[in-house]
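Notes for the one structure printed next.
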There are 2 protein chains.
Amino acid sequence: MDYIFSDKIASLKPSAIREIFKSLTDPSVISFAAGNPAPESFPVTELSELSARLFAEEAATALQYGITEGYTPLREAVAVRQKDKFDIGGAGESTLIVSGGQQGIELTCKVLCNEGDVVLCEDPSFIGALNSFRSNGSKLVGVPMEADGICVDALEKALRTTPHVKLLYLIPTFQNPTGITMSLEKRKAVLQLAKQYGVMILEDNPYGELRFAGRDIPTLKSMGTDGQVIYCSSFSKILSAGMRVGFVIAPEEIAKKMTVAKQGEDVHTNLFFQMLCYRYMTEYDLDGHIAAINDLYRRKCALMLSCIDRYIPQDIATFTRPEGGLFIWGTLTGRTDSSDFVQGALSQKVAVVPGSAFLCDTAATSPSFRLNYSTPTDEQIEEGVRRLGKVCRSL
Amino acid sequence: MDYIFSDKIASLKPSAIREIFKSLTDPSVISFAAGNPAPESFPVTELSELSARLFAEEAATALQYGITEGYTPLREAVAVRQKDKFDIGGAGESTLIVSGGQQGIELTCKVLCNEGDVVLCEDPSFIGALNSFRSNGSKLVGVPMEADGICVDALEKALRTTPHVKLLYLIPTFQNPTGITMSLEKRKAVLQLAKQYGVMILEDNPYGELRFAGRDIPTLKSMGTDGQVIYCSSFSKILSAGMRVGFVIAPEEIAKKMTVAKQGEDVHTNLFFQMLCYRYMTEYDLDGHIAAINDLYRRKCALMLSCIDRYIPQDIATFTRPEGGLFIWGTLTGRTDSSDFVQGALSQKVAVVPGSAFLCDTAATSPSFRLNYSTPTDEQIEEGVRRLGKVCRSL
């Protein structure tokens, strides 16, 4: 039978990343392709203990339908923590629990954008967000990245010349895929432009707590006093990715619309794990746990960078040096396309993600590639980067 | 700040049900308004035991990112069970784990319908589905219900006269809100019409296993050999509603598109609970557990019906007599609107849902109301129906 799909879905292509992930079923492949947190970052013993008590004490609540906005004690705990840590939220703002940060991104687009409206994105950007915008029928327009974040001149031009821009999607801190953090100066300029052109900002901050070097820069949400910023984050990188618990902090009026849309998508987020998150936040030391994760990632990132310095000649490729998050971004010198490199790496049994996968224009090429240091072992990092060096020299 | 929402979301109104649910925070109100399974239907001891073992044996998998299609062993177990029980699936069909049946409904609409396309629905129908279609920009056209299911003549006329019909949404077994089950004859006629007019069917079957009287009637999916039926169900009514685990069985090509759309919504469904469901299905007696739930609901439904017979004069209101599911549907005789009755009930501290909440046309009135018997206690059923009788006589 011939099926006719909706226009927005019919035009979606399976991502290049999925093809690479297929190769990962081969256990001899060293993967730098994941976006996963380290398995050591899950507080298994504590979650297991809390889970046993939750079954014993509140099973009838945890297994029953809950309200769409989320488990009230968790919403309150998240609001307090985000206020304390990032000066986010407060009067007129509402906290909504969502099924991973991904759902916060999707709901933002759904409530704000008609089909054909434009979402401006950092280029490259998080592929999951790009595909979510595409699957809602939005058009993507990319704005190039620089070493200190989005190119403000190009953003200004895009805002000035592109019709129907509805949303500006940004990952200002430890960006996926580049690891780049936007400077304070640029954050101010971006907010000013968004205000001037009447465009909403979606600030995606899943890695914000994963700082292992340098100093926090204020979030856009904490600097925008006019309700122009929707803030999205999650517990995926600090407690568990598989549980799918994230949150949105947004002006009340927007949060209400997102709640109606969320009700139509999944009624509410897994309630048992919402309650587990709440118990973990109030009964254990979340800050201490995050500090331990950051010790691990600081070490792993430094190891990967030192291997890069050792094995990959500086004139062949350059790399970002992130102060947090999960990713290093490599760029081949004097090239426009990293496909040969990525294929060469795969033939050496090392998986990296080609930069083109993260671009707004699916037909464009990129001289870059993404490396993840949170999931491979130390031995894999050393051996994998050694092989990448070999591939580089053979190009 | 004035926010401009997408057309599809801006026009969505908060549902009447939500207003009624607010009154439920008053513990002295007897609620027949819920759609919740009985708390006794959750196998708490077993899930707790399985959870402890899952943390001990597979925590690193259960807490990490999973694949969008769902946990493979669960997909396979669901496919086998649905084949055994309902003769559903097989060659060319794919099973997708979703975040509750609600997500299966939403994804179906998203992948098939452009904004403005029409979804034909039983009228009345499940409000969560109606709002999901609305939030995707679909137009709803209702087809009246009869005692043995959708009115086939009206369906034929709707298909013949309505432009851009893309999807026919049906809950053939123990329908929400009416409790009505579509006859075999009508199922055949509906399939024939869908084929004739080239319209896809979404068969929503969350209550199918909750039969406590009479005999199973084949699902539409098992009768449609041409891949015209997308089948959606869940574990919400047989294991836990709060965990949000459901499934879709659909032709492979459609399941692939739904997978891409799901990836943009929540990446995947809570993996820990997917693994719990799998373990429960393979290590415990799911059929025995469901039989116990049905013993409970048979008794509760019979109790409510006997109280209705005792307290509510037959000439004032009539009621459906379901063979399964969670709901009884009452209709006031000689009236077009149940609002006064619903308000009167609330003033007597009994919550029921007005029939108008379930209609495709949000401005229409209904002489009906929905009663739930799975959540109130026996004492509440007796006392609540007694009060409803009082309200009926005062109309």
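Ligands are numbered from 1 in the order shown, residues from 1 within each chain, and chains are lettered A, B, ... in the order they appear in the structure tokens.
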Tell me which protein, DNA and RNA residues are within 7 Å of A:Thr173, counting only C-alpha atoms, leaving out same-chain ones fewer than 5 positions away, and put them as a ChimeraX atom specification. /A:180-182,205,207-208
Could you write out that same residue set with N, CA, C and O atoms as a compact mmCIF listing (two decimals), in the first residue's frame?
# COMPACT_ATOMS: atom_id res chain seq x y z
N ILE A 180 31.78 24.83 22.46
CA ILE A 180 32.03 26.27 22.60
C ILE A 180 31.06 26.91 23.60
O ILE A 180 29.88 26.55 23.66
N THR A 181 31.56 27.87 24.38
CA THR A 181 30.72 28.65 25.30
C THR A 181 30.66 30.09 24.82
O THR A 181 31.69 30.71 24.53
N MET A 182 29.45 30.63 24.75
CA MET A 182 29.26 32.00 24.27
C MET A 182 29.75 33.00 25.31
O MET A 182 29.44 32.86 26.50
N ASN A 205 20.16 24.27 27.86
CA ASN A 205 21.33 24.23 28.75
C ASN A 205 21.52 22.87 29.44
O ASN A 205 21.62 22.78 30.65
N TYR A 207 24.11 21.02 29.49
CA TYR A 207 25.48 20.77 29.97
C TYR A 207 25.94 21.80 30.98
O TYR A 207 27.08 21.75 31.45
N GLY A 208 25.09 22.77 31.29
CA GLY A 208 25.50 23.92 32.09
C GLY A 208 26.15 23.57 33.42
O GLY A 208 27.03 24.29 33.90
If you run DSSP on the backbone here, which positions in stretch 127-238 of chain B get strand (DSSP E or B)? Please write them as a PyMOL selection string. chain B and resi 139-146+149-150+165-170+200-204+211+229-234
Just checking: using only C-alpha atoms, which residue out of B:Thr68, B:Gln175, B:Ser94, B:Ser240 ends up closest to B:Trp329?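 Smallest separation from B:Trp329 among the options: B:Gln175.
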Non-local contacts of B:Arg134 (9 Å; only C-alpha atoms; under 6 positions in same chain excluded) as number ranges by chain: A: 264; B: 8-9, 11-12, 140
I'd like the contact shell of stretch 117-132 of chain B - 6 Å cut-off, only C-alpha atoms, skipping same-chain residues fewer than 2 positions apart - returned as a PyMOL selection string. (chain A and resi 264) or (chain B and resi 106+113-115+134-135+138-144+164-169+176+358-359)
Taking the DSSP assignment computed from this structure's backbone, write out as a ChimeraX atom specification all residues of stretch 174-222 of chain A that belong to alpha helix (DSSP H). /A:184-197,220-222
Separation of atom CA of A:Ala351 from atom CA of A:Leu395 in Å: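 Atom CA of A:Leu395 sits 16.7 Å away from atom CA of A:Ala351.
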Between B:Val229, B:Ala364, B:Val260, B:Leu191, which has the minimum distance to chain A (counting only C-alpha atoms)?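 Nearest to chain A: B:Val260.
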Non-local contacts of A:Gly389 (7 Å; only C-alpha atoms; under 3 positions in same chain excluded) as a PyMOL selection string: chain A and resi 311-312+385-386+392-393
Output N, CA, C and O atoms for every residue in the selection just made, as a PDB file, in the first residue's frame.
ATOM      1  N   TYR A 311      49.243  12.917  18.874  1.00  0.00           N
ATOM      2  CA  TYR A 311      49.085  12.068  17.683  1.00  0.00           C
ATOM      3  C   TYR A 311      48.635  12.806  16.425  1.00  0.00           C
ATOM      4  O   TYR A 311      48.778  12.279  15.326  1.00  0.00           O
ATOM      5  N   ILE A 312      48.032  13.982  16.588  1.00  0.00           N
ATOM      6  CA  ILE A 312      47.475  14.643  15.398  1.00  0.00           C
ATOM      7  C   ILE A 312      48.245  15.941  15.122  1.00  0.00           C
ATOM      8  O   ILE A 312      48.191  16.876  15.927  1.00  0.00           O
ATOM      9  N   VAL A 385      42.470   7.936  19.445  1.00  0.00           N
ATOM     10  CA  VAL A 385      43.076   9.166  18.922  1.00  0.00           C
ATOM     11  C   VAL A 385      44.346   8.817  18.132  1.00  0.00           C
ATOM     12  O   VAL A 385      44.631   9.434  17.100  1.00  0.00           O
ATOM     13  N   ARG A 386      45.076   7.806  18.592  1.00  0.00           N
ATOM     14  CA  ARG A 386      46.260   7.369  17.846  1.00  0.00           C
ATOM     15  C   ARG A 386      45.853   6.972  16.421  1.00  0.00           C
ATOM     16  O   ARG A 386      46.467   7.391  15.430  1.00  0.00           O
ATOM     17  N   CYS A 392      44.507  10.940   9.714  1.00  0.00           N
ATOM     18  CA  CYS A 392      44.806  12.333   9.321  1.00  0.00           C
ATOM     19  C   CYS A 392      46.003  12.371   8.376  1.00  0.00           C
ATOM     20  O   CYS A 392      45.985  13.060   7.353  1.00  0.00           O
ATOM     21  N   ARG A 393      47.053  11.657   8.745  1.00  0.00           N
ATOM     22  CA  ARG A 393      48.280  11.718   7.944  1.00  0.00           C
ATOM     23  C   ARG A 393      48.117  11.057   6.590  1.00  0.00           C
ATOM     24  O   ARG A 393      48.874  11.349   5.658  1.00  0.00           O
TER      25      ARG A 393
END
Please provide the set of residues having any atom within 10 Å of B:Asp87, restricted to only C-alpha atoms, with same-chain residues fewer than 6 positions apart removed, written as a ChimeraX atom specification. /B:79-81,218-219,221-223
Give me, as a PyMOL selection string, all polymer residues having an atom no more than 12 Å from B:Leu332, counting only C-alpha atoms and skipping those fewer than 4 positions away in the same chain. chain B and resi 312-319+336-342+354-355+366-370+388-389+391-393+395
Find the residue from A:Gly90, A:Pro177, A:Gly116, A:Gly224 that sits nearest to A:Leu193; use only C-alpha atoms when measuring.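 Looking at the shortest contact to A:Leu193, the residue is A:Gly224.
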Between B:Gly242, B:Gly149, B:Gly92, B:Gly214, which one has atoms that come closest to chain A, using only C-alpha atoms?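 Comparing B:Gly242, B:Gly149, B:Gly92, B:Gly214 against chain A, the winner is B:Gly242.
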Please measure the separation of atom CA of A:Glu382 and atom CA of A:Met145, giving the value in Å to one decimal. 28.7 Å
